[in-house]
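Pasting my_file_20.txt here (compact mmCIF, C-alpha atoms and all ligand atoms):
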# COMPACT_ATOMS: atom_id res chain seq x y z
CA MET A 14 13.03 -12.76 -22.83
CA LEU A 15 9.84 -11.23 -21.47
CA VAL A 16 9.10 -7.62 -22.41
CA ALA A 17 6.23 -5.52 -21.09
CA GLN A 18 5.02 -2.69 -23.31
CA ILE A 19 3.21 0.42 -22.16
CA SER A 20 2.20 3.36 -24.33
CA ASP A 21 0.18 6.53 -24.64
CA THR A 22 -0.38 7.33 -21.00
CA HIS A 23 -1.00 11.02 -21.90
CA LEU A 24 -0.36 12.11 -18.32
CA LEU A 25 -1.50 15.52 -17.16
CA SER A 26 -0.07 17.78 -14.49
CA PRO A 27 -1.30 17.04 -10.93
CA GLU A 28 -2.52 20.68 -10.92
CA SER A 29 -4.73 20.09 -13.97
CA ASP A 30 -8.45 20.46 -13.29
CA GLN A 31 -9.31 17.91 -15.99
CA PRO A 32 -10.93 14.75 -14.56
CA ALA A 33 -8.60 12.73 -16.79
CA ALA A 34 -5.60 13.84 -14.73
CA SER A 35 -6.20 11.49 -11.82
CA LEU A 36 -7.72 8.80 -14.05
CA ARG A 37 -4.66 8.57 -16.29
CA ALA A 38 -2.26 8.63 -13.36
CA ASP A 39 -4.20 5.76 -11.82
CA CYS A 40 -4.02 3.77 -15.09
CA LEU A 41 -0.23 3.97 -15.14
CA ARG A 42 0.06 3.25 -11.41
CA ARG A 43 -2.01 0.07 -11.84
CA CYS A 44 0.03 -1.05 -14.86
CA VAL A 45 3.33 -0.52 -13.03
CA ALA A 46 2.10 -2.58 -10.06
CA ASP A 47 0.90 -5.37 -12.34
CA ILE A 48 4.08 -5.35 -14.45
CA ASN A 49 6.15 -5.83 -11.29
CA ARG A 50 4.08 -8.93 -10.54
CA GLN A 51 4.88 -10.34 -14.02
CA GLN A 52 8.63 -9.77 -13.55
CA PRO A 53 9.57 -8.91 -17.15
CA ASP A 54 13.21 -8.50 -18.15
CA ALA A 55 12.53 -5.07 -19.63
CA VAL A 56 9.75 -2.53 -20.07
CA ILE A 57 9.31 -0.62 -23.32
CA PHE A 58 7.38 2.65 -23.44
CA THR A 59 6.33 3.62 -26.97
CA GLY A 60 5.68 7.32 -26.44
CA ASP A 61 3.01 9.91 -25.74
CA THR A 62 4.03 9.61 -22.12
CA VAL A 63 2.49 13.00 -21.31
CA GLN A 64 -0.12 15.27 -22.87
CA HIS A 65 1.57 18.66 -23.25
CA GLY A 66 5.29 18.03 -22.84
CA GLN A 67 5.45 20.11 -19.64
CA PRO A 68 8.08 19.62 -16.88
CA GLU A 69 5.41 19.08 -14.22
CA GLU A 70 3.87 16.31 -16.34
CA TYR A 71 7.27 14.62 -16.61
CA ALA A 72 7.76 15.00 -12.86
CA ARG A 73 4.51 13.11 -12.33
CA LEU A 74 5.61 10.50 -14.88
CA ARG A 75 8.87 9.90 -13.00
CA GLU A 76 6.99 9.60 -9.72
CA LEU A 77 4.58 7.01 -11.16
CA LEU A 78 7.36 5.02 -12.84
CA ALA A 79 9.59 5.00 -9.76
CA PRO A 80 8.26 1.66 -8.36
CA LEU A 81 9.02 -0.13 -11.66
CA GLU A 82 11.52 -2.91 -10.97
CA ALA A 83 12.64 -3.80 -14.53
CA PRO A 84 14.74 -1.47 -16.69
CA LEU A 85 12.66 0.98 -18.71
CA TYR A 86 13.38 1.99 -22.31
CA LEU A 87 11.37 4.81 -23.79
CA VAL A 88 11.00 6.57 -27.12
CA PRO A 89 9.12 9.84 -27.65
CA GLY A 90 5.67 10.27 -29.16
CA ASN A 91 4.30 13.35 -30.88
CA ARG A 92 2.90 14.55 -27.54
CA ASP A 93 6.30 14.43 -25.89
CA ALA A 94 8.71 17.36 -25.85
CA LYS A 95 12.10 15.89 -26.58
CA ASN A 96 14.18 18.35 -24.57
CA GLU A 97 11.87 18.16 -21.56
CA MET A 98 11.90 14.38 -21.80
CA ARG A 99 15.67 14.28 -22.04
CA THR A 100 15.94 16.53 -18.99
CA ALA A 101 13.46 14.48 -16.98
CA PHE A 102 15.32 11.25 -17.82
CA SER A 103 18.87 12.61 -17.79
CA ASP A 104 19.93 9.71 -15.52
CA TYR A 105 18.90 7.20 -18.21
CA SER A 106 22.33 6.72 -19.76
CA TYR A 107 21.09 5.03 -22.95
CA LEU A 108 19.28 8.19 -24.08
CA PRO A 109 21.56 10.34 -26.27
CA ALA A 110 22.56 13.41 -24.25
CA SER A 111 22.68 15.58 -27.36
CA GLY A 112 21.56 15.53 -30.97
CA GLU A 113 18.20 15.68 -32.62
CA PHE A 114 17.04 12.08 -32.14
CA LEU A 115 16.22 9.98 -29.09
CA HIS A 116 17.18 6.67 -30.66
CA TYR A 117 19.51 3.96 -29.38
CA ALA A 118 20.32 0.25 -29.20
CA ILE A 119 20.38 -1.78 -25.97
CA GLU A 120 22.91 -4.61 -25.97
CA ASP A 121 22.27 -6.01 -22.48
CA TYR A 122 20.02 -8.93 -23.47
CA ASP A 123 20.09 -11.93 -25.80
CA THR A 124 17.58 -10.00 -27.90
CA ARG A 125 18.84 -6.63 -29.04
CA LEU A 126 16.43 -3.75 -28.38
CA VAL A 127 16.46 -0.83 -30.83
CA GLY A 128 14.40 2.27 -30.05
CA ILE A 129 13.54 4.47 -33.04
CA ASP A 130 12.54 8.13 -32.84
CA SER A 131 9.69 8.85 -35.29
CA THR A 132 8.99 12.37 -34.02
CA LEU A 133 9.79 15.89 -35.13
CA THR A 134 9.05 18.84 -32.86
CA GLY A 135 5.77 20.49 -33.83
CA GLU A 136 4.76 17.61 -36.11
CA ARG A 137 1.87 15.28 -35.26
CA LYS A 138 2.65 12.74 -37.96
CA GLY A 139 5.56 10.33 -38.11
CA ARG A 140 8.92 11.14 -39.65
CA PHE A 141 11.78 8.86 -40.62
CA CYS A 142 14.21 11.09 -42.47
CA GLU A 143 17.33 10.00 -44.37
CA ILE A 144 19.54 10.52 -41.31
CA ARG A 145 17.39 8.12 -39.31
CA GLN A 146 17.20 5.69 -42.22
CA ALA A 147 20.99 5.57 -42.45
CA TRP A 148 21.29 5.19 -38.67
CA LEU A 149 18.90 2.24 -38.48
CA ASP A 150 20.39 0.49 -41.49
CA LYS A 151 23.88 0.84 -40.03
CA MET A 152 22.69 -0.42 -36.63
CA LEU A 153 21.10 -3.51 -38.14
CA ARG A 154 23.99 -4.23 -40.50
CA ALA A 155 26.36 -4.20 -37.52
CA GLN A 156 24.82 -7.33 -35.93
CA PRO A 157 22.97 -9.35 -38.56
CA ASP A 158 22.88 -12.55 -36.54
CA ARG A 159 21.45 -11.13 -33.34
CA GLN A 160 17.67 -11.33 -32.83
CA THR A 161 16.42 -7.74 -32.67
CA LEU A 162 13.22 -6.13 -31.43
CA LEU A 163 12.38 -2.64 -32.72
CA PHE A 164 10.09 -0.11 -31.06
CA ILE A 165 8.74 3.19 -32.30
CA HIS A 166 5.80 5.52 -31.64
CA HIS A 167 4.21 5.93 -35.11
CA PRO A 168 3.26 2.72 -36.96
CA PRO A 169 4.53 2.99 -40.55
CA PHE A 170 1.40 1.36 -41.99
CA ASP A 171 -2.32 2.15 -42.19
CA VAL A 172 -4.87 0.63 -39.81
CA GLY A 173 -8.22 0.40 -41.61
CA ASP A 174 -10.01 3.73 -41.53
CA HIS A 175 -8.62 4.61 -38.10
CA TYR A 176 -5.13 5.54 -39.07
CA VAL A 177 -4.31 6.44 -42.65
CA GLY A 178 -1.18 8.16 -43.92
CA GLY A 179 0.41 8.36 -40.49
CA TYR A 180 3.72 9.60 -41.88
CA ARG A 181 4.10 13.13 -43.26
CA LYS A 182 6.04 11.67 -46.19
CA PRO A 183 4.77 8.24 -47.26
CA GLU A 184 8.15 7.49 -48.84
CA GLU A 185 9.72 7.64 -45.38
CA ALA A 186 7.35 4.95 -44.07
CA GLU A 187 8.20 2.86 -47.15
CA ALA A 188 11.91 3.36 -46.54
CA LEU A 189 11.49 2.06 -43.00
CA GLU A 190 9.71 -1.02 -44.28
CA HIS A 191 12.41 -1.69 -46.88
CA ILE A 192 15.20 -1.41 -44.30
CA VAL A 193 13.46 -3.86 -41.97
CA GLU A 194 12.79 -6.27 -44.86
CA ARG A 195 16.51 -6.40 -45.56
CA HIS A 196 17.30 -7.52 -42.00
CA PRO A 197 15.69 -10.88 -41.17
CA GLN A 198 17.08 -10.78 -37.62
CA VAL A 199 14.27 -8.32 -36.78
CA VAL A 200 11.78 -10.40 -34.80
CA GLY A 201 9.19 -7.65 -34.51
CA MET A 202 8.33 -4.00 -34.15
CA LEU A 203 6.28 -2.55 -31.27
CA CYS A 204 4.26 0.64 -31.85
CA GLY A 205 1.91 3.03 -30.08
CA HIS A 206 0.12 6.18 -31.29
CA VAL A 207 -3.09 4.65 -32.66
CA HIS A 208 -4.52 3.66 -29.23
CA TRP A 209 -5.99 0.60 -30.96
CA PRO A 210 -4.73 -3.01 -30.70
CA VAL A 211 -3.31 -4.47 -33.91
CA GLU A 212 -1.26 -7.56 -34.75
CA ARG A 213 -0.06 -7.93 -38.31
CA GLU A 214 2.79 -8.85 -40.60
CA TRP A 215 4.79 -5.95 -41.92
CA GLY A 216 8.28 -5.58 -43.36
CA ALA A 217 8.72 -9.38 -43.40
CA THR A 218 8.35 -9.34 -39.62
CA GLN A 219 5.63 -8.98 -36.97
CA ALA A 220 4.22 -5.59 -35.99
CA ARG A 221 2.16 -4.78 -32.92
CA ILE A 222 0.20 -1.71 -31.89
CA MET A 223 -1.14 -1.50 -28.37
CA PRO A 224 -4.19 0.28 -26.98
CA SER A 225 -3.42 3.38 -24.93
CA VAL A 226 -2.84 2.79 -21.25
CA ALA A 227 -5.03 5.88 -20.72
CA VAL A 228 -8.48 4.26 -20.75
CA ASP A 229 -10.36 7.46 -21.64
CA VAL A 230 -8.69 7.70 -25.06
CA ARG A 231 -8.29 4.03 -26.00
CA LYS A 232 -10.14 2.44 -28.90
CA GLY A 233 -10.93 -1.03 -30.19
CA ILE A 234 -11.48 -2.49 -26.72
CA ASP A 235 -14.67 -4.19 -25.53
CA GLU A 236 -15.33 -1.88 -22.58
CA THR A 237 -18.09 -4.12 -21.22
CA LYS A 238 -15.39 -6.72 -20.58
CA ALA A 239 -12.51 -4.41 -19.73
CA ARG A 240 -14.70 -2.37 -17.33
CA GLY A 241 -12.33 0.56 -17.30
CA ARG A 242 -9.29 -1.48 -16.32
CA PRO A 243 -6.03 -0.49 -18.03
CA ILE A 244 -4.43 -2.90 -20.49
CA TYR A 245 -0.81 -3.34 -21.48
CA LEU A 246 1.06 -5.94 -23.56
CA LEU A 247 3.41 -8.76 -22.62
CA HIS A 248 5.77 -9.97 -25.36
CA ARG A 249 7.70 -13.23 -25.12
CA VAL A 250 10.70 -13.14 -27.47
CA SER A 251 12.67 -16.29 -28.28
CA ARG A 252 14.72 -17.86 -31.04
CA ALA A 253 12.31 -20.81 -31.16
CA SER A 254 8.98 -18.96 -31.35
CA GLY A 255 9.86 -15.42 -32.39
CA LEU A 256 7.51 -12.78 -30.98
CA VAL A 257 4.45 -13.99 -29.05
CA SER A 258 2.30 -11.17 -27.64
CA ARG A 259 -0.67 -11.11 -25.33
CA PRO A 260 -2.68 -8.33 -23.75
CA ARG A 261 -2.71 -8.16 -19.98
CA VAL A 262 -5.48 -6.49 -17.98
CA ALA A 263 -3.64 -4.68 -15.23
CA ASP A 264 -5.83 -5.84 -12.38
CA ALA A 265 -6.54 -9.39 -13.60
CA GLU A 266 -6.18 -11.93 -10.83
CA ALA A 267 -4.80 -14.82 -12.88
CA SER A 268 -1.21 -14.47 -14.05
FE FE B 1 -1.29 8.97 -28.13

Once you've parsed the file, please lay out its structure as structure tokens.
Ligand SMILES: [Fe+2]
Amino acid sequence: MLVAQISDTHLLSPESDQPAASLRADCLRRCVADINRQQPDAVIFTGDTVQHGQPEEYARLRELLAPLEAPLYLVPGNRDAKNEMRTAFSDYSYLPASGEFLHYAIEDYDTRLVGIDSTLTGERKGRFCEIRQAWLDKMLRAQPDRQTLLFIHHPPFDVGDHYVGGYRKPEEAEALEHIVERHPQVVGMLCGHVHWPVEREWGATQARIMPSVAVDVRKGIDETKARGRPIYLLHRVSRASGLVSRPRVADAEAS
């Protein structure tokens, strides 16, 4: 299975007078065009889709995502407004129509996709309360033999000096790690939020963080090489090799 990951587009309203408004829209537009050329089976969006959670920002998001050919699965980031997001994507039947959390499992592929909601309205840091802990544990216990890919906005681990104590309650990040450790069918966990590329082992599985699609707020990228071009990730998931990830420069000629 081939999965494309995008994250942290931080889109602004078309009416915004900030120069980043057109820049960020262009970054997503270029990624969508390039993703279509790669023909992934699914696209995962790990949150911070927009900057202020406003309906006009989500309208622009829908417009920019419209050309995407593969199914899109998204989880909220701390910049998203859950109710506005739910309204904007009300035709996405996998998103829970009610309840506090935008989390779900997708059963349509050989690899199971489980989206986790690490947000709480008004809170910048990650949360993974007992309700969510019980939900994830139950989800994973239900199909222990099925390879499973998790995705979430907030990474539940520190990244050097750049991202420390990303969860409001450290014990909640630890609880997430312990749940994942107990379920060896988890092939990996995809994250956003930090805007910085990371590959590491965590929870007895592989974790990935991707740079923000919005080039004006990304970090950890050699800009002399990237030259302002947006970057997203391609993940190959298989029984034989597990999770193999590579960055893709949206406008690169070679595929
Ligand atoms: Fe972000």

Would you mind reading off the distance between atom CA of A:Glu113 and atom CA of A:Ile222, one decimal, in Å?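 According to the coordinates, atom CA of A:Glu113 and atom CA of A:Ile222 are separated by 25.0 Å.
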
How would you write, as a PyMOL selection string, the set of residues no farther than 12 Å from ligand FE 1 (chain B) when counting all atoms listed in the file? chain A and resi 19-24+58-65+89-93+137-138+166-168+204-209+222-232

Could you write out the selected residues, including C-alpha atoms, as a JSON list (two decimals), in the frame of the given file?
[["chain", "number", "residue", "atom", "x", "y", "z"],
["A", 19, "ILE", "CA", 3.21, 0.42, -22.16],
["A", 20, "SER", "CA", 2.20, 3.36, -24.33],
["A", 21, "ASP", "CA", 0.18, 6.53, -24.64],
["A", 22, "THR", "CA", -0.38, 7.33, -21.00],
["A", 23, "HIS", "CA", -1.00, 11.02, -21.90],
["A", 24, "LEU", "CA", -0.36, 12.11, -18.32],
["A", 58, "PHE", "CA", 7.38, 2.65, -23.44],
["A", 59, "THR", "CA", 6.33, 3.62, -26.97],
["A", 60, "GLY", "CA", 5.68, 7.32, -26.44],
["A", 61, "ASP", "CA", 3.01, 9.91, -25.74],
["A", 62, "THR", "CA", 4.03, 9.61, -22.12],
["A", 63, "VAL", "CA", 2.49, 13.00, -21.31],
["A", 64, "GLN", "CA", -0.12, 15.27, -22.87],
["A", 65, "HIS", "CA", 1.57, 18.66, -23.25],
["A", 89, "PRO", "CA", 9.12, 9.84, -27.65],
["A", 90, "GLY", "CA", 5.67, 10.27, -29.16],
["A", 91, "ASN", "CA", 4.30, 13.35, -30.88],
["A", 92, "ARG", "CA", 2.90, 14.55, -27.54],
["A", 93, "ASP", "CA", 6.30, 14.43, -25.89],
["A", 137, "ARG", "CA", 1.87, 15.28, -35.26],
["A", 138, "LYS", "CA", 2.65, 12.74, -37.96],
["A", 166, "HIS", "CA", 5.80, 5.52, -31.64],
["A", 167, "HIS", "CA", 4.21, 5.93, -35.11],
["A", 168, "PRO", "CA", 3.26, 2.72, -36.96],
["A", 204, "CYS", "CA", 4.26, 0.64, -31.85],
["A", 205, "GLY", "CA", 1.91, 3.03, -30.08],
["A", 206, "HIS", "CA", 0.12, 6.18, -31.29],
["A", 207, "VAL", "CA", -3.09, 4.65, -32.66],
["A", 208, "HIS", "CA", -4.52, 3.66, -29.23],
["A", 209, "TRP", "CA", -5.99, 0.60, -30.96],
["A", 222, "ILE", "CA", 0.20, -1.71, -31.89],
["A", 223, "MET", "CA", -1.14, -1.50, -28.37],
["A", 224, "PRO", "CA", -4.19, 0.28, -26.98],
["A", 225, "SER", "CA", -3.42, 3.38, -24.93],
["A", 226, "VAL", "CA", -2.84, 2.79, -21.25],
["A", 227, "ALA", "CA", -5.03, 5.88, -20.72],
["A", 228, "VAL", "CA", -8.48, 4.26, -20.75],
["A", 229, "ASP", "CA", -10.36, 7.46, -21.64],
["A", 230, "VAL", "CA", -8.69, 7.70, -25.06],
["A", 231, "ARG", "CA", -8.29, 4.03, -26.00],
["A", 232, "LYS", "CA", -10.14, 2.44, -28.90]]

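With all atoms listed in the file as the basis for measurement, A:Ala265 is the residue among A:Ala94, A:Ala265, A:Ala33, A:Ala188 that approaches A:Arg50 most closely.
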
A:Leu25, A:Ala38, A:Met98, A:Leu149 ranked by distance to A:Glu190, top pick (using all atoms listed in the file):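 Counting all atoms listed in the file, the residue closest to A:Glu190 is A:Leu149.
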
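Computed from the coordinates, the atom CA of A:Pro109 to atom CA of A:Gln52 distance equals 27.1 Å.
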
With distances taken over only C-alpha atoms, which residue among A:Ser258, A:Tyr180, A:His116, A:Leu85 lies nearest A:Asp104?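 Ranking A:Ser258, A:Tyr180, A:His116, A:Leu85 by distance to A:Asp104, first place goes to A:Leu85.
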
Best match for closeness to A:Arg43 among A:Val262, A:Val127, A:Ala55, A:Leu153, counting only C-alpha atoms: A:Val262

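Using all atoms listed in the file, the shortest contact distance between A:Leu246 and any of A:Thr161, A:Ser106, A:Gln51, A:Ser111 is found at A:Gln51.
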
If I take atom CA of A:Gly139 and atom CA of A:Gln219, how far is one from the other in Å, to one decimal?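 Spanning atom CA of A:Gly139 to atom CA of A:Gln219 is a straight-line distance of 19.3 Å.
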
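Nearest residue to A:Gln18 among A:Arg181, A:Arg252, A:Arg42, A:Arg221 is A:Arg221, counting all atoms listed in the file.
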